[in-house]
>>> print(open('my_file_19.pdb').read())   # PDB, C-alpha atoms and all ligand atoms
ATOM      1  CA  MET N   1      63.394  46.165-181.361  1.00  0.00           C
ATOM      2  CA  ARG N   2      65.094  49.550-181.625  1.00  0.00           C
ATOM      3  CA  LEU N   3      63.015  52.008-183.577  1.00  0.00           C
ATOM      4  CA  VAL N   4      63.088  55.695-184.438  1.00  0.00           C
ATOM      5  CA  LEU N   5      60.015  57.597-185.600  1.00  0.00           C
ATOM      6  CA  ILE N   6      60.492  60.558-187.913  1.00  0.00           C
ATOM      7  CA  GLY N   7      57.845  62.849-189.345  1.00  0.00           C
ATOM      8  CA  PRO N   8      56.649  66.445-189.241  1.00  0.00           C
ATOM      9  CA  PRO N   9      54.941  67.793-186.115  1.00  0.00           C
ATOM     10  CA  GLY N  10      51.319  66.632-186.303  1.00  0.00           C
ATOM     11  CA  ALA N  11      52.023  63.444-188.269  1.00  0.00           C
ATOM     12  CA  GLY N  12      50.823  61.389-185.287  1.00  0.00           C
ATOM     13  CA  LYS N  13      54.213  60.192-184.022  1.00  0.00           C
ATOM     14  CA  GLY N  14      53.151  60.244-180.357  1.00  0.00           C
ATOM     15  CA  THR N  15      49.960  58.286-180.987  1.00  0.00           C
ATOM     16  CA  GLN N  16      51.634  55.691-183.201  1.00  0.00           C
ATOM     17  CA  ALA N  17      54.641  55.423-180.898  1.00  0.00           C
ATOM     18  CA  ALA N  18      52.407  54.627-177.913  1.00  0.00           C
ATOM     19  CA  LEU N  19      50.580  51.935-179.913  1.00  0.00           C
ATOM     20  CA  LEU N  20      53.700  50.371-181.393  1.00  0.00           C
ATOM     21  CA  GLY N  21      55.584  50.572-178.092  1.00  0.00           C
ATOM     22  CA  SER N  22      52.946  48.536-176.274  1.00  0.00           C
ATOM     23  CA  ARG N  23      52.622  46.162-179.236  1.00  0.00           C
ATOM     24  CA  PHE N  24      56.362  45.383-179.183  1.00  0.00           C
ATOM     25  CA  GLY N  25      56.727  45.624-175.386  1.00  0.00           C
ATOM     26  CA  ILE N  26      59.318  48.404-175.557  1.00  0.00           C
ATOM     27  CA  PRO N  27      59.304  51.828-173.893  1.00  0.00           C
ATOM     28  CA  HIS N  28      58.040  54.794-175.889  1.00  0.00           C
ATOM     29  CA  ILE N  29      60.584  57.564-175.341  1.00  0.00           C
ATOM     30  CA  SER N  30      59.419  61.004-176.456  1.00  0.00           C
ATOM     31  CA  THR N  31      61.933  63.815-176.045  1.00  0.00           C
ATOM     32  CA  GLY N  32      59.070  66.348-176.274  1.00  0.00           C
ATOM     33  CA  ASP N  33      57.300  64.598-173.352  1.00  0.00           C
ATOM     34  CA  LEU N  34      60.548  64.424-171.351  1.00  0.00           C
ATOM     35  CA  PHE N  35      61.118  68.160-171.863  1.00  0.00           C
ATOM     36  CA  ARG N  36      57.517  69.028-170.958  1.00  0.00           C
ATOM     37  CA  GLU N  37      57.740  66.911-167.761  1.00  0.00           C
ATOM     38  CA  ASN N  38      60.915  68.737-166.796  1.00  0.00           C
ATOM     39  CA  VAL N  39      59.326  72.120-167.498  1.00  0.00           C
ATOM     40  CA  THR N  40      56.306  71.196-165.342  1.00  0.00           C
ATOM     41  CA  ARG N  41      58.516  69.968-162.484  1.00  0.00           C
ATOM     42  CA  GLY N  42      60.678  73.087-162.750  1.00  0.00           C
ATOM     43  CA  THR N  43      63.947  71.139-162.981  1.00  0.00           C
ATOM     44  CA  ARG N  44      67.165  72.757-164.184  1.00  0.00           C
ATOM     45  CA  LEU N  45      66.780  70.915-167.485  1.00  0.00           C
ATOM     46  CA  GLY N  46      63.231  72.239-167.740  1.00  0.00           C
ATOM     47  CA  GLN N  47      64.447  75.780-167.136  1.00  0.00           C
ATOM     48  CA  GLN N  48      67.071  75.368-169.865  1.00  0.00           C
ATOM     49  CA  ALA N  49      64.591  73.906-172.350  1.00  0.00           C
ATOM     50  CA  ARG N  50      61.519  76.035-171.759  1.00  0.00           C
ATOM     51  CA  ARG N  51      62.223  78.991-174.010  1.00  0.00           C
ATOM     52  CA  TYR N  52      63.022  76.716-176.950  1.00  0.00           C
ATOM     53  CA  LEU N  53      59.766  74.789-176.539  1.00  0.00           C
ATOM     54  CA  ASP N  54      57.800  78.055-176.277  1.00  0.00           C
ATOM     55  CA  ALA N  55      59.412  79.331-179.493  1.00  0.00           C
ATOM     56  CA  GLY N  56      59.124  76.046-181.396  1.00  0.00           C
ATOM     57  CA  GLU N  57      62.927  75.933-181.733  1.00  0.00           C
ATOM     58  CA  LEU N  58      65.098  72.889-181.140  1.00  0.00           C
ATOM     59  CA  VAL N  59      66.659  72.619-177.696  1.00  0.00           C
ATOM     60  CA  PRO N  60      70.480  72.655-178.130  1.00  0.00           C
ATOM     61  CA  ASP N  61      71.931  69.262-179.061  1.00  0.00           C
ATOM     62  CA  HIS N  62      74.152  68.914-175.977  1.00  0.00           C
ATOM     63  CA  VAL N  63      71.173  69.356-173.641  1.00  0.00           C
ATOM     64  CA  THR N  64      68.982  66.969-175.635  1.00  0.00           C
ATOM     65  CA  GLY N  65      71.734  64.396-176.153  1.00  0.00           C
ATOM     66  CA  GLY N  66      72.530  64.204-172.431  1.00  0.00           C
ATOM     67  CA  MET N  67      68.876  63.719-171.551  1.00  0.00           C
ATOM     68  CA  VAL N  68      68.469  60.907-174.106  1.00  0.00           C
ATOM     69  CA  ARG N  69      71.679  59.178-173.033  1.00  0.00           C
ATOM     70  CA  ARG N  70      70.475  59.075-169.405  1.00  0.00           C
ATOM     71  CA  ARG N  71      67.063  57.790-170.463  1.00  0.00           C
ATOM     72  CA  LEU N  72      68.503  55.028-172.673  1.00  0.00           C
ATOM     73  CA  GLU N  73      70.722  53.885-169.811  1.00  0.00           C
ATOM     74  CA  GLU N  74      67.640  53.020-167.764  1.00  0.00           C
ATOM     75  CA  PHE N  75      66.890  49.350-167.353  1.00  0.00           C
ATOM     76  CA  ASP N  76      63.692  49.199-169.396  1.00  0.00           C
ATOM     77  CA  ALA N  77      65.452  50.441-172.552  1.00  0.00           C
ATOM     78  CA  ARG N  78      67.965  47.576-172.666  1.00  0.00           C
ATOM     79  CA  ARG N  79      65.699  45.246-174.620  1.00  0.00           C
ATOM     80  CA  GLY N  80      64.669  47.934-177.054  1.00  0.00           C
ATOM     81  CA  PHE N  81      62.945  51.287-177.381  1.00  0.00           C
ATOM     82  CA  LEU N  82      60.915  53.453-179.654  1.00  0.00           C
ATOM     83  CA  LEU N  83      62.292  56.958-179.967  1.00  0.00           C
ATOM     84  CA  ASP N  84      59.724  59.639-180.811  1.00  0.00           C
ATOM     85  CA  GLY N  85      61.125  63.053-181.672  1.00  0.00           C
ATOM     86  CA  PHE N  86      64.804  62.102-181.441  1.00  0.00           C
ATOM     87  CA  PRO N  87      67.095  62.368-183.329  1.00  0.00           C
ATOM     88  CA  ARG N  88      66.040  65.610-185.012  1.00  0.00           C
ATOM     89  CA  THR N  89      69.453  66.668-186.369  1.00  0.00           C
ATOM     90  CA  ILE N  90      72.419  64.871-187.917  1.00  0.00           C
ATOM     91  CA  GLU N  91      74.412  65.738-184.794  1.00  0.00           C
ATOM     92  CA  GLN N  92      71.801  64.014-182.641  1.00  0.00           C
ATOM     93  CA  ALA N  93      71.953  60.981-184.953  1.00  0.00           C
ATOM     94  CA  ARG N  94      75.700  60.845-184.240  1.00  0.00           C
ATOM     95  CA  VAL N  95      75.046  61.039-180.501  1.00  0.00           C
ATOM     96  CA  LEU N  96      72.595  58.152-180.812  1.00  0.00           C
ATOM     97  CA  ALA N  97      75.092  56.105-182.816  1.00  0.00           C
ATOM     98  CA  THR N  98      77.697  56.650-180.072  1.00  0.00           C
ATOM     99  CA  ILE N  99      75.267  55.608-177.328  1.00  0.00           C
ATOM    100  CA  LEU N 100      74.318  52.458-179.260  1.00  0.00           C
ATOM    101  CA  ALA N 101      77.911  51.589-180.136  1.00  0.00           C
ATOM    102  CA  ARG N 102      78.698  51.338-176.418  1.00  0.00           C
ATOM    103  CA  THR N 103      76.179  48.532-176.026  1.00  0.00           C
ATOM    104  CA  GLY N 104      76.895  46.937-179.396  1.00  0.00           C
ATOM    105  CA  ALA N 105      73.275  47.490-180.449  1.00  0.00           C
ATOM    106  CA  ASP N 106      71.971  48.740-183.789  1.00  0.00           C
ATOM    107  CA  LEU N 107      68.799  50.483-184.859  1.00  0.00           C
ATOM    108  CA  ASP N 108      66.380  48.036-186.491  1.00  0.00           C
ATOM    109  CA  ALA N 109      64.388  50.590-188.440  1.00  0.00           C
ATOM    110  CA  VAL N 110      63.424  54.210-188.895  1.00  0.00           C
ATOM    111  CA  LEU N 111      59.707  54.661-189.459  1.00  0.00           C
ATOM    112  CA  GLU N 112      58.824  57.785-191.403  1.00  0.00           C
ATOM    113  CA  LEU N 113      55.278  59.073-190.990  1.00  0.00           C
ATOM    114  CA  ASP N 114      54.542  61.085-194.096  1.00  0.00           C
ATOM    115  CA  ALA N 115      51.615  63.507-194.331  1.00  0.00           C
ATOM    116  CA  PRO N 116      50.958  66.696-196.304  1.00  0.00           C
ATOM    117  CA  GLU N 117      51.521  69.973-194.473  1.00  0.00           C
ATOM    118  CA  ASP N 118      47.866  71.110-194.625  1.00  0.00           C
ATOM    119  CA  VAL N 119      46.767  67.850-192.940  1.00  0.00           C
ATOM    120  CA  VAL N 120      49.292  68.063-190.098  1.00  0.00           C
ATOM    121  CA  VAL N 121      48.718  71.777-189.503  1.00  0.00           C
ATOM    122  CA  GLU N 122      44.960  71.167-189.250  1.00  0.00           C
ATOM    123  CA  ARG N 123      45.551  68.377-186.686  1.00  0.00           C
ATOM    124  CA  LEU N 124      47.808  70.562-184.559  1.00  0.00           C
ATOM    125  CA  ARG N 125      45.264  73.409-184.600  1.00  0.00           C
ATOM    126  CA  GLY N 126      42.763  71.079-182.968  1.00  0.00           C
ATOM    127  CA  ARG N 127      45.162  69.827-180.296  1.00  0.00           C
ATOM    128  CA  GLY N 128      45.597  72.921-178.149  1.00  0.00           C
ATOM    129  CA  ARG N 129      49.085  72.388-176.664  1.00  0.00           C
ATOM    130  CA  SER N 130      50.705  75.670-175.581  1.00  0.00           C
ATOM    131  CA  ASP N 131      53.100  75.547-178.574  1.00  0.00           C
ATOM    132  CA  ASP N 132      50.183  74.924-180.964  1.00  0.00           C
ATOM    133  CA  THR N 133      49.471  78.545-181.890  1.00  0.00           C
ATOM    134  CA  GLU N 134      49.274  79.279-185.631  1.00  0.00           C
ATOM    135  CA  GLU N 135      52.646  81.034-185.717  1.00  0.00           C
ATOM    136  CA  ILE N 136      54.533  78.413-183.687  1.00  0.00           C
ATOM    137  CA  ILE N 137      52.895  75.562-185.641  1.00  0.00           C
ATOM    138  CA  ARG N 138      54.154  77.064-188.920  1.00  0.00           C
ATOM    139  CA  HIS N 139      57.574  77.646-187.415  1.00  0.00           C
ATOM    140  CA  ARG N 140      57.869  74.027-186.206  1.00  0.00           C
ATOM    141  CA  GLN N 141      57.033  72.830-189.721  1.00  0.00           C
ATOM    142  CA  ARG N 142      59.870  74.992-191.075  1.00  0.00           C
ATOM    143  CA  VAL N 143      62.266  73.675-188.425  1.00  0.00           C
ATOM    144  CA  TYR N 144      61.306  70.125-189.446  1.00  0.00           C
ATOM    145  CA  ARG N 145      61.970  70.784-193.137  1.00  0.00           C
ATOM    146  CA  ARG N 146      65.243  72.586-192.471  1.00  0.00           C
ATOM    147  CA  GLN N 147      66.762  70.498-189.707  1.00  0.00           C
ATOM    148  CA  THR N 148      65.076  67.114-189.475  1.00  0.00           C
ATOM    149  CA  ALA N 149      63.969  66.053-192.970  1.00  0.00           C
ATOM    150  CA  SER N 150      67.618  65.551-194.016  1.00  0.00           C
ATOM    151  CA  LEU N 151      67.847  62.703-191.500  1.00  0.00           C
ATOM    152  CA  LEU N 152      65.811  60.582-193.899  1.00  0.00           C
ATOM    153  CA  ALA N 153      68.749  60.517-196.300  1.00  0.00           C
ATOM    154  CA  HIS N 154      71.099  59.759-193.396  1.00  0.00           C
ATOM    155  CA  TYR N 155      68.994  56.708-192.471  1.00  0.00           C
ATOM    156  CA  ALA N 156      67.968  55.799-196.046  1.00  0.00           C
ATOM    157  CA  ASP N 157      69.092  52.162-195.678  1.00  0.00           C
ATOM    158  CA  ILE N 158      66.806  51.401-192.757  1.00  0.00           C
ATOM    159  CA  THR N 159      63.905  53.794-193.380  1.00  0.00           C
ATOM    160  CA  VAL N 160      60.387  52.572-194.100  1.00  0.00           C
ATOM    161  CA  THR N 161      57.825  55.209-195.050  1.00  0.00           C
ATOM    162  CA  VAL N 162      54.166  55.018-194.187  1.00  0.00           C
ATOM    163  CA  ARG N 163      51.390  57.354-195.308  1.00  0.00           C
ATOM    164  CA  ALA N 164      50.086  58.922-192.100  1.00  0.00           C
ATOM    165  CA  VAL N 165      46.669  59.939-193.421  1.00  0.00           C
ATOM    166  CA  GLY N 166      43.468  58.214-192.278  1.00  0.00           C
ATOM    167  CA  THR N 167      42.413  56.791-188.931  1.00  0.00           C
ATOM    168  CA  VAL N 168      44.859  55.913-186.137  1.00  0.00           C
ATOM    169  CA  GLU N 169      44.148  52.209-186.764  1.00  0.00           C
ATOM    170  CA  GLU N 170      44.740  52.463-190.507  1.00  0.00           C
ATOM    171  CA  VAL N 171      48.102  54.137-189.990  1.00  0.00           C
ATOM    172  CA  ALA N 172      49.068  51.622-187.278  1.00  0.00           C
ATOM    173  CA  ASP N 173      48.196  48.711-189.596  1.00  0.00           C
ATOM    174  CA  ARG N 174      50.309  50.210-192.379  1.00  0.00           C
ATOM    175  CA  ALA N 175      53.195  50.738-189.962  1.00  0.00           C
ATOM    176  CA  LEU N 176      53.070  47.170-188.640  1.00  0.00           C
ATOM    177  CA  ALA N 177      52.921  45.766-192.177  1.00  0.00           C
ATOM    178  CA  ALA N 178      55.848  47.923-193.315  1.00  0.00           C
ATOM    179  CA  LEU N 179      57.960  46.939-190.302  1.00  0.00           C
ATOM    180  CA  ALA N 180      57.218  43.253-190.872  1.00  0.00           C
ATOM    181  CA  GLU N 181      58.620  43.346-194.414  1.00  0.00           C
ATOM    182  CA  PRO N 182      62.040  41.728-194.652  1.00  0.00           C
ATOM    183  CA  SER N 183      64.885  44.193-194.650  1.00  0.00           C
ATOM    184  CA  ASP N 184      67.367  44.397-197.550  1.00  0.00           C
ATOM    185  CA  GLN N 185      69.891  42.451-195.521  1.00  0.00           C
ATOM    186  CA  GLU N 186      67.559  39.509-194.997  1.00  0.00           C
ATOM    187  CA  SER N 187      66.542  39.398-198.657  1.00  0.00           C
ATOM    188  CA  GLU N 188      70.220  39.226-199.600  1.00  0.00           C
ATOM    189  CA  LEU N 189      70.597  35.861-197.858  1.00  0.00           C
ATOM    190  CA  PRO N 190      71.591  33.132-200.321  1.00  0.00           C
ATOM    191  CA  GLN N 191      68.648  31.135-201.693  1.00  0.00           C
ATOM    192  CA  GLY N 192      67.835  27.970-199.807  1.00  0.00           C
ATOM    193  CA  LEU N 193      68.913  29.203-196.388  1.00  0.00           C
TER
HETATM  194  P1  LIG P 201      57.426  67.340-179.807  1.00  0.00           P
HETATM  195  O1  LIG P 201      56.655  66.932-178.589  1.00  0.00           O
HETATM  196  O2  LIG P 201      58.202  66.222-180.407  1.00  0.00           O
HETATM  197  O3  LIG P 201      56.554  68.068-180.805  1.00  0.00           O
HETATM  198  O4  LIG P 201      58.526  68.401-179.331  1.00  0.00           O
HETATM  199  C1  LIG P 201      58.113  69.625-178.721  1.00  0.00           C
HETATM  200  C2  LIG P 201      59.311  70.543-178.569  1.00  0.00           C
HETATM  201  O5  LIG P 201      60.309  69.918-177.736  1.00  0.00           O
HETATM  202  C3  LIG P 201      60.055  70.889-179.857  1.00  0.00           C
HETATM  203  O6  LIG P 201      59.438  71.963-180.561  1.00  0.00           O
HETATM  204  C4  LIG P 201      61.438  71.251-179.310  1.00  0.00           C
HETATM  205  O7  LIG P 201      61.423  72.533-178.725  1.00  0.00           O
HETATM  206  C5  LIG P 201      61.615  70.230-178.189  1.00  0.00           C
HETATM  207  N1  LIG P 201      62.240  68.992-178.658  1.00  0.00           N
HETATM  208  C6  LIG P 201      61.691  67.749-178.698  1.00  0.00           C
HETATM  209  N2  LIG P 201      62.547  66.848-179.173  1.00  0.00           N
HETATM  210  C7  LIG P 201      63.690  67.520-179.479  1.00  0.00           C
HETATM  211  C8  LIG P 201      64.953  67.149-180.022  1.00  0.00           C
HETATM  212  N3  LIG P 201      65.232  65.880-180.399  1.00  0.00           N
HETATM  213  N4  LIG P 201      65.883  68.119-180.176  1.00  0.00           N
HETATM  214  C9  LIG P 201      65.647  69.386-179.817  1.00  0.00           C
HETATM  215  N5  LIG P 201      64.471  69.806-179.330  1.00  0.00           N
HETATM  216  C10 LIG P 201      63.493  68.898-179.144  1.00  0.00           C
END
>>> encode(input="my_file_19.pdb", output="structure tokens")
Amino acid sequence: MRLVLIGPPGAGKGTQAALLGSRFGIPHISTGDLFRENVTRGTRLGQQARRYLDAGELVPDHVTGGMVRRRLEEFDARRGFLLDGFPRTIEQARVLATILARTGADLDAVLELDAPEDVVVERLRGRGRSDDTEEIIRHRQRVYRRQTASLLAHYADITVTVRAVGTVEEVADRALAALAEPSDQESELPQGL
């Protein structure tokens, strides 16, 4: 299972990705978590990324792409993965396509978590991460609308959208049901097969 989660900051991608990852037995790979780990450990990558995280801006694609490529080359990602927070730009989607083409693998689905801005902003206010100040929260929402939302058109063929309002369990149930629905390709199989 090779999955990508897309949704605005605060939609619950991290929470759902952890649940779905353990359900499917695939690693949950969060680029935000990878950057924060690197910042905490004071690595060179962390030093490069830090000011972007603090400002709620996207880390440059070449830095992000290299980090994801190395992570996907690790053994545990061979059988599948759930990407949370990557790709966030069309350029990053191209990088991902190149990485996958090398192994002959394809994405199975893109799961969009959809929630109104007032709901996600309220959630982030209660979370207390260092980039969860009012100003940075608003800015990250703008960055999502400007740079990431257009990916949904890019992945239109394999995107399933789930309403990310309600309890964690409700959203997880909706996500599992949506992912279990046959894809267009399968429903195009000739009758009787
Ligand atoms: P997240 O944990 O997904 O909310 O990401 C936190 C921050 O990490 C973002 O505001 C960006 O600064 C950075 N980041 C995470 N993923 C990416 C990505 N795919 N491309 C660029 N920057 C990213």
>>> residues_around(input="my_file_19.pdb", residues="N:Leu82", least_positions_apart="6", cutoff="10 Å", atoms="all atoms listed in the file", output="list in words")
Met1, Arg2, Leu3, Val4, Leu5, Ala17, Ala18, Leu20, Gly21, Ser22, Phe24, Gly25, Ile26, Pro27, His28, Ile29, Ser30, Leu107, Ala109, Val110 and Leu111 of chain N
>>> closest_residue(input="my_file_19.pdb", among="N:Leu83, N:Ala93, N:Leu72, N:Ile137", to="N:Pro8", atoms="only C-alpha atoms")
N:Ile137
>>> atom_distance(input="my_file_19.pdb", atom1="atom CA of N:Gly7", atom2="atom CA of N:Arg129")
18.1 Å
>>> resolve_selection(input="my_file_19.pdb", expression="the PyMOL selection byres (((not hetatm)) within 6 of (chain P and resi 201))", output="PyMOL selection string")
chain N and resi 9+31-33+52-53+56-59+64+85-88
>>> write_last_selection(input="my_file_19.pdb", atoms="C-alpha atoms", output="PDB file, in the frame of the given file")
ATOM      1  CA  PRO N   9      54.941  67.793-186.115  1.00  0.00           C
ATOM      2  CA  THR N  31      61.933  63.815-176.045  1.00  0.00           C
ATOM      3  CA  GLY N  32      59.070  66.348-176.274  1.00  0.00           C
ATOM      4  CA  ASP N  33      57.300  64.598-173.352  1.00  0.00           C
ATOM      5  CA  TYR N  52      63.022  76.716-176.950  1.00  0.00           C
ATOM      6  CA  LEU N  53      59.766  74.789-176.539  1.00  0.00           C
ATOM      7  CA  GLY N  56      59.124  76.046-181.396  1.00  0.00           C
ATOM      8  CA  GLU N  57      62.927  75.933-181.733  1.00  0.00           C
ATOM      9  CA  LEU N  58      65.098  72.889-181.140  1.00  0.00           C
ATOM     10  CA  VAL N  59      66.659  72.619-177.696  1.00  0.00           C
ATOM     11  CA  THR N  64      68.982  66.969-175.635  1.00  0.00           C
ATOM     12  CA  GLY N  85      61.125  63.053-181.672  1.00  0.00           C
ATOM     13  CA  PHE N  86      64.804  62.102-181.441  1.00  0.00           C
ATOM     14  CA  PRO N  87      67.095  62.368-183.329  1.00  0.00           C
ATOM     15  CA  ARG N  88      66.040  65.610-185.012  1.00  0.00           C
TER      16      ARG N  88
END
>>> atom_distance(input="my_file_19.pdb", atom1="atom CA of N:Thr15", atom2="atom CA of N:Glu169")
10.2 Å
>>> closest_residue(input="my_file_19.pdb", among="N:Val63, N:Thr159, N:Leu152, N:Ala172", to="N:Arg44", atoms="only C-alpha atoms")
N:Val63
>>> atom_distance(input="my_file_19.pdb", atom1="atom CA of N:Leu151", atom2="atom CA of N:Asp61")
14.6 Å
>>> resolve_selection(input="my_file_19.pdb", expression="the PyMOL selection byres (((chain N and resi 99) around 12) and not hetatm)", output="VMD selection string")
chain N and resid 65 to 73 78 92 to 98 100 to 107
>>> write_last_selection(input="my_file_19.pdb", atoms="C-alpha atoms", output="mmCIF file, in the coordinates of the input")
data_model
loop_
_atom_site.group_PDB
_atom_site.id
_atom_site.type_symbol
_atom_site.label_atom_id
_atom_site.label_comp_id
_atom_site.auth_asym_id
_atom_site.auth_seq_id
_atom_site.Cartn_x
_atom_site.Cartn_y
_atom_site.Cartn_z
ATOM 1 C CA GLY N 65 71.734 64.396 -176.153
ATOM 2 C CA GLY N 66 72.530 64.204 -172.431
ATOM 3 C CA MET N 67 68.876 63.719 -171.551
ATOM 4 C CA VAL N 68 68.469 60.907 -174.106
ATOM 5 C CA ARG N 69 71.679 59.178 -173.033
ATOM 6 C CA ARG N 70 70.475 59.075 -169.405
ATOM 7 C CA ARG N 71 67.063 57.790 -170.463
ATOM 8 C CA LEU N 72 68.503 55.028 -172.673
ATOM 9 C CA GLU N 73 70.722 53.885 -169.811
ATOM 10 C CA ARG N 78 67.965 47.576 -172.666
ATOM 11 C CA GLN N 92 71.801 64.014 -182.641
ATOM 12 C CA ALA N 93 71.953 60.981 -184.953
ATOM 13 C CA ARG N 94 75.700 60.845 -184.240
ATOM 14 C CA VAL N 95 75.046 61.039 -180.501
ATOM 15 C CA LEU N 96 72.595 58.152 -180.812
ATOM 16 C CA ALA N 97 75.092 56.105 -182.816
ATOM 17 C CA THR N 98 77.697 56.650 -180.072
ATOM 18 C CA LEU N 100 74.318 52.458 -179.260
ATOM 19 C CA ALA N 101 77.911 51.589 -180.136
ATOM 20 C CA ARG N 102 78.698 51.338 -176.418
ATOM 21 C CA THR N 103 76.179 48.532 -176.026
ATOM 22 C CA GLY N 104 76.895 46.937 -179.396
ATOM 23 C CA ALA N 105 73.275 47.490 -180.449
ATOM 24 C CA ASP N 106 71.971 48.740 -183.789
ATOM 25 C CA LEU N 107 68.799 50.483 -184.859
#
>>> resolve_selection(input="my_file_19.pdb", expression="the PyMOL selection byres (((chain N and resi 146) around 12) and not hetatm)", output="PyMOL selection string")
chain N and resi 8+57-58+88-90+139-145+147-151
>>> closest_residue(input="my_file_19.pdb", among="N:Glu112, N:Glu37, N:Glu135, N:Asp157", to="N:Ala175", atoms="all atoms listed in the file")
N:Glu112
>>> closest_residue(input="my_file_19.pdb", among="N:Ala55, N:Ala153, N:Val160, N:Ala177", to="N:Ile136", atoms="only C-alpha atoms")
N:Ala55
>>> closest_residue(input="my_file_19.pdb", among="N:Gly10, N:Pro116, N:Gly46, N:Gly80", to="N:Arg163", atoms="all atoms listed in the file")
N:Pro116
>>> residues_around(input="my_file_19.pdb", residues="N:Ala178", least_positions_apart="4", cutoff="8 Å", atoms="only C-alpha atoms", output="compact mmCIF listing (two decimals) with C-alpha atoms, in the frame of the given file")
# COMPACT_ATOMS: atom_id res chain seq x y z
CA VAL N 160 60.39 52.57 -194.10
CA THR N 161 57.82 55.21 -195.05
CA VAL N 162 54.17 55.02 -194.19
CA ARG N 174 50.31 50.21 -192.38
>>> axis_aligned_box(input="my_file_19.pdb", around="stretch 3-14 of chain N", padding_each_side="4 Å", output="AutoDock Vina command-line options")
--center_x 57.0 --center_y 59.9 --center_z -184.9 --size_x 20.3 --size_y 23.8 --size_z 17.0
>>> closest_residue(input="my_file_19.pdb", among="N:Glu91, N:Glu117, N:Leu176, N:Asp54", to="N:Thr133", atoms="all atoms listed in the file")
N:Asp54
